[in-house]
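Working notes for the structure below.
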Amino acid sequence: MAWTVRALADELHLRYEGDGERRIARVAPLERAGPDGLAFVSRNSYLDRLASCEAGAVIVAPEHAERVRGCALLADNPYAAYARAAQLLHPLPGMAPGVDPDASVDRRARLAGDVHVGARAVVDADAEIGAGCVIAAGACVGAGARLGAGTRIGPGVVIGADCALGSRCLVQAGAVVGSDGFGYAQDGESWIRIPQIGRVVIGDDVDIGANTTIDRGALDDTVIGDGVILDNQIQIAHNVRVGEHTAMAGCVGIAGSAVIGRRCTIGGAAAILGHLEVVDDVHITAMSLVMSSITEPGTYSSGAPLEPNARWRRNAARFRQLDALARRVGDLERRDTGKHRGS
Amino acid sequence: MAWTVRALADELHLRYEGDGERRIARVAPLERAGPDGLAFVSRNSYLDRLASCEAGAVIVAPEHAERVRGCALLADNPYAAYARAAQLLHPLPGMAPGVDPDASVDRRARLAGDVHVGARAVVDADAEIGAGCVIAAGACVGAGARLGAGTRIGPGVVIGADCALGSRCLVQAGAVVGSDGFGYAQDGESWIRIPQIGRVVIGDDVDIGANTTIDRGALDDTVIGDGVILDNQIQIAHNVRVGEHTAMAGCVGIAGSAVIGRRCTIGGAAAILGHLEVVDDVHITAMSLVMSSITEPGTYSSGAPLEPNARWRRNAARFRQLDALARRVGDLERRDTGKHRGS
Amino acid sequence: MAWTVRALADELHLRYEGDGERRIARVAPLERAGPDGLAFVSRNSYLDRLASCEAGAVIVAPEHAERVRGCALLADNPYAAYARAAQLLHPLPGMAPGVDPDASVDRRARLAGDVHVGARAVVDADAEIGAGCVIAAGACVGAGARLGAGTRIGPGVVIGADCALGSRCLVQAGAVVGSDGFGYAQDGESWIRIPQIGRVVIGDDVDIGANTTIDRGALDDTVIGDGVILDNQIQIAHNVRVGEHTAMAGCVGIAGSAVIGRRCTIGGAAAILGHLEVVDDVHITAMSLVMSSITEPGTYSSGAPLEPNARWRRNAARFRQLDALARRVGDLERRDTGKHRGS
């Protein structure tokens with residue numbers, strides 16, 4: 001899959017300096033890239049490494065072109081250009097169109113002509129599979145589900161009945177889209193299950209990580225906007241709405257009916273309670289718990305910092321006395337003020 | 001699947017007011033329900049919306065019957081009645097009895113006559129599958145496992161060998177029941193695996209969420225009581241016992257040999273350490289960590305609250321000085337008292 | 001699967017006292033073991049129970065041999081000896097070598113002669129499966145993946161293309177090894193996917209829990225050392241390196257490029273941020289968040305302790321005022337000192 005520097009530059013709409021016929025075969029780290037390797041520098045702190053870099057080409061900001069020893073590809077956003085170049089050099093594995101003889105595809109499913117369905121995959125009645133989709137080995141697509149063009153679902157993925165994914169989505173192994181939401185009415189000590197009749201509706205260019213789960217809505221749909229990226233082991237409950245281009249790191253949990261804005265980032269293992277709203281451009285740091293709506297953009301955190309266990313035990317014990325401690329300080333202040341007034 | 005109001009009332013043992021022949025086809029939100037829609041009001045704050053509601057029927061408490069414009073179904077617990085009505089109007093999808101030709105069912109497995117086994121599902125030797133069970137596509141039922149009547153397991157679910165589920169359980173896609181518990185003896189720096197020879201034993205009417213995992217016991221069984229409901233991505237370790245009607249939200253983790261009482265609720269992403277006991281009627285809020293036994297019913301919490309990151313950094317840094325701060329306050333108090341005594 | 005006490009002692013290189021011909025069929029708890037049962041005592045606090053114990057044999061430290069009523073197997077580390085004895089008495093279920101007729105094995109895959117491939121399992125081209133491996137029902141082994149001798153992967157497990165596991169690994173149901181890492185470049189509000197071309201490379205004797213996920217590296221590999229044990233629902237991001245014999249409890253998350261040392265233990269639901277280093281012999285308690293590198297062995301914790309909700313609310317509210325409170329105490333101290341100086 002080698003590209004000339006010139007061809008890469010053309011495809012990515014970048015200028016370059018140096019030998020345009022140089023052949024590039026792979027991306028590689030700055031320190032280890034060889035003559036057929038493409039590296040990048042996006043932070044000034046790495047510029048010094050260019051002096052000893054043997055990469056065939058390096059993507060840099062235009063003002064640093066002269067520091068590159070091999071070819072320089074010039075980009076205002078070198079990291080984004082690198083990502084696009086890497087997609088050209090290392091495309092997702094091509095999957096031959098066709099249905100594996102060991103797959104089970106219902107005859108009422110509608111598959112575009114160039115779809116790949118792997119061994120032991122199951123596609124149920126009335127599912128609609130867009131052009132160029134890949135359904136990997138062992139994946140299950142439920143009745144009436146829809147995959148937009150170019151969407152790929154990994155091994156063992158389950159797409160529930162009537163759920164819809166847009167185009168160019170990438171779903172990693174073991175993810176579940178469209179499980180029943182966790183909805184119950186309490187009657188005495190019993191929980192009465194409430195049928196979950198909404199769907200999951202996912203936009204275009206959405207990535208979903210391995211073993212992530214997204215529940216279908218109770219009445220309305222659970223909705224994931226265009227360009228959202230979700231890491232592994234995330235749990236999205238019923239009727240959540242996630243705005244466009246929001247990113248969530250691994251192990252995040254979003255409770256039912258939460259509405260998350262656009263361009264948010266949610267750090268790993270953070271959780272957001274249900275029935276609240278987070279506006280656009282909010283950033284939540286790792287393992288934080290969002291207990292009420294966030295109405296202003298910005299970065300938010302919760303938690304207490306890591307310490308050696310012996311010290312932590314002493315400090316944590318004091319946390320339980322914090323309100324009392326604050327009152328004691330208030331008492332001291334009042335007596336201190338009284339004394340000043342009295343003196 | 002339309003029902004008349006009269007038939008619904010009969011089936012649910014409710015009184016009604018209005019036209020009993022009105023046909024109801026679906027549940028719907030109060031604001032959007034049409035003439036064939038059924039809505040409900042369980043909180044007084046929603047009563048005002050009844051004036052403009054166009055639902056064919058609304059379930060309300062008896063004292064609010066006159067505020068309903070269409071038919072009124074009268075229930076002391078409108079939400080529970082709504083849940084039951086929704087089950088009638090939106091039953092789980094009927095699955096034709098029979099074994100899909102693409103399923104693999106061991107000839108020594110015992111299936112009741114009206115069981116559905118989907119494509120690519122696997123049922124191993126001596127498994128016992130009760131009447132009306134549904135084993136969805138790609139699910140695996142291990143050797144000697146037992147499913148009670150009417151239990152449904154979703155796509156890709158794995159039920160380990162010899163594990164037992166009661167009747168009317170519902171297991172969502174990707175859940176694993178009966179993986180090996182995490183039991184090891186340390187020998188120098190090595191971990192020696194301890195065979196996990198217990199089972200998982202699950203009661204009747206238990207719901208298990210997508211990608212939830214329940215480990216088999218080391219010697220004794222892991223036991224989940226009747227009527228327990230578990231959301232997605234929950235981890236239940238070996239030899240845990242969960243009491244009847246306890247509910248756990250997504251991403252909860254329960255460590256080995258913990259004993260959880262009845263009618264508890266465990267909030268999302270909370271964790272309970274091993275070898276401890278939580279009595280009946282305990283409620284744990286989201287992302288709390290239970291580090292020792294809880295002997296009194298009530299609601300418990302841990303953690304520190306969300307703040308803008310800049311403020312959080314300052315406060316979190318002070319957490320590390322909390323014990324020292326408390327001592328400083330103690331010193332001030334002693335000196336203050338000394339002064340008072342001295343003056 | 002009965003063993004005589006003599007045969008167990010020989011196999012485990014232990015001394016014994018009592019009737020060497022006694023037949024032992026199973027391990028059992030001290031309180032319930034019968035004449036064919038094997039129990040153990042590893043803590044002195046359990047020694048009193050030996051008086052009423054009816055076990056056929058008990059593993060104890062040599063100095064306690066005389067307190068055992070039946071046979072005594074003598075071991076310096078009774079718990080480790082028990083684990084090994086349990087492996088002899090309760091071996092992993094034997095799986096008949098051979099490929100199930102309902103499995104899909106690519107003809108270019110290379111399988112050693114005594115491999116078991118279960119129903120509906122998929123083994124892709126150029127996969128290399130070592131002697132004695134077990135690939136359970138519904139598992140998928142990707143193209144070019146390698147399993148060392150004696151490795152067993154459970155139902156529904158996914159091993160990604162080109163990933164490598166060592167010998168004698170045990171992977172529980174639903175685990176995913178080799179999903180794409182979560183790597184994106186930001187371009188305006190869009191996320192540009194970066195191809196993940198590294199592998200996951202796993203050593204010998206590694207155990208991986210149910211629904212645990214391990215991402216492949218971006219450029220370099222994600223590496224799990226020999227003897228590592230991972231519980232269920234763990235997330236290991238791309239380019240993480242985990243040192244030999246480290247153990248992680250359920251629901252742990254490790255962010256990208258973190259380097260974890262050897263012999264560490266990571267408590268349940270703890271998380272470790274990316275691009276940091278944790279040295280050997282570090283122990284992290286449950287639900288702690290590691291936000292920066294740890295350079296000294298020891299035990300570390302974070303978080304605030306569990307309390308009744310009403311008290312927790314008061315204390316947590318004060319957490320938000322902690323920096324201000326510390327300043328107020330500083331003010332009081334300064335005024336107090338001033339007064340002392342003034343007096």
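The way I read the labels, and the way they are meant: chains A, B, ... in the order of the structure tokens, residue 1 as the first residue of every chain, and ligand 1 as the first ligand shown, with later ones counted on from there.
Residues in contact with segment 32-34 of chain A at up to 6 Å, not including ones fewer than 4 positions away on its chain and judged by only C-alpha atoms, are Ala28, Glu54 and Ala55 of chain A.
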Give me the residues of chain A that have any atom at most 8 Å from an atom of chain B; for each, the nearest atom pair and the distance in Å, rounded to one decimal. Use only C-alpha atoms, sort by chain and number, and format it as CSV.
```
residue,atom,partner,partner_atom,distance
A:Ser104,CA,B:Ala119,CA,6.8
A:Arg120,CA,B:Arg120,CA,6.4
A:Ala121,CA,B:Arg120,CA,7.9
A:Val122,CA,B:Ala119,CA,6.9
A:Gly138,CA,B:Gly138,CA,7.1
A:Cys140,CA,B:Ala137,CA,7.1
A:Gly156,CA,B:Gly156,CA,7.0
A:Val158,CA,B:Pro155,CA,6.8
A:Gly174,CA,B:Gly174,CA,7.1
A:Val176,CA,B:Ala173,CA,6.7
A:Ser179,CA,B:Gln172,CA,6.1
A:Asp180,CA,B:Gln172,CA,7.2
A:Phe182,CA,B:Asp231,CA,6.0
A:Tyr184,CA,B:Ala83,CA,7.3
A:Ala185,CA,B:Ala80,CA,5.0
A:Gln186,CA,B:Ala80,CA,6.2
A:Asp187,CA,B:Ala80,CA,5.9
A:Glu189,CA,B:His245,CA,6.3
A:Ser190,CA,B:His245,CA,6.1
A:Trp191,CA,B:Gly227,CA,7.0
A:Ile192,CA,B:Ala83,CA,6.1
A:Arg193,CA,B:Ala83,CA,6.4
A:Ile194,CA,B:Ala83,CA,4.8
A:Pro195,CA,B:Gln87,CA,6.0
A:Ile197,CA,B:His90,CA,7.6
A:Asn211,CA,B:Asn211,CA,6.9
A:Thr213,CA,B:Ala210,CA,6.7
A:Leu219,CA,B:Ala28,CA,6.6
A:Gln233,CA,B:Gln233,CA,7.6
A:Gln235,CA,B:Asn232,CA,7.0
A:Gly253,CA,B:Cys251,CA,7.0
A:Ala255,CA,B:Gly268,CA,7.7
A:Ala271,CA,B:Ala269,CA,7.3
A:Leu273,CA,B:Ala286,CA,7.9
A:Ser288,CA,B:Leu306,CA,6.9
A:Leu289,CA,B:Leu306,CA,6.5
A:Val290,CA,B:Leu306,CA,6.3
A:Met291,CA,B:Leu306,CA,7.5
A:Gly298,CA,B:Pro308,CA,7.2
A:Thr299,CA,B:Asn309,CA,5.4
A:Tyr300,CA,B:Pro308,CA,4.3
A:Ser301,CA,B:Asn309,CA,5.2
A:Ser302,CA,B:Leu306,CA,4.2
A:Gly303,CA,B:Ala304,CA,4.9
A:Ala304,CA,B:Ala316,CA,5.6
A:Pro305,CA,B:Ala316,CA,6.1
A:Glu307,CA,B:Arg320,CA,7.5
A:Arg311,CA,B:Arg320,CA,7.9
A:Trp312,CA,B:Arg320,CA,7.4
A:Arg314,CA,B:Asp323,CA,6.0
A:Asn315,CA,B:Asp323,CA,4.9
A:Arg318,CA,B:Asp323,CA,6.0
A:Phe319,CA,B:Leu322,CA,7.5
A:Leu325,CA,B:Ala326,CA,6.9
A:Arg328,CA,B:Val329,CA,7.7
A:Val329,CA,B:Val329,CA,6.9
A:Leu332,CA,B:Glu333,CA,7.1
```
Query raised in the report: Taking the backbone alone, and naming residues the way the document does, which bits of segment 111-308 of chain B are strand (DSSP E or B) by DSSP, as number ranges by chain?
Result: B: 111, 116-117, 122-123, 128-129, 134-135, 140-141, 146-147, 152-153, 158-159, 164-165, 170-171, 176-179, 184-187, 190-193, 200-202, 207-208, 213-215, 222-224, 229-230, 235-236, 241-242, 247-248, 253-254, 259-260, 265-266, 271-272, 277-278, 282-284, 289-290, 294, 298-301, 307-308
Query raised in the report: Which neighbours of Gly256 of chain A fall inside 7 Å, counting only C-alpha atoms, when residues of the same chain fewer than 4 positions from it are skipped, and could you give them as a list of chain:residue names?
Result: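 Here the qualifying residues turn out to be A:Ala237, A:His238, A:Asn239, A:Val240, A:Gly274, A:His275.
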Requested in this report: Based on DSSP run over this structure's backbone, return all residues of segment 85-250 of chain C in helix (DSSP H, G or I), as a list of chain:residue names.
Outcome: C:Ala85, C:Ala86, C:Gln87, C:Leu88, C:Leu89
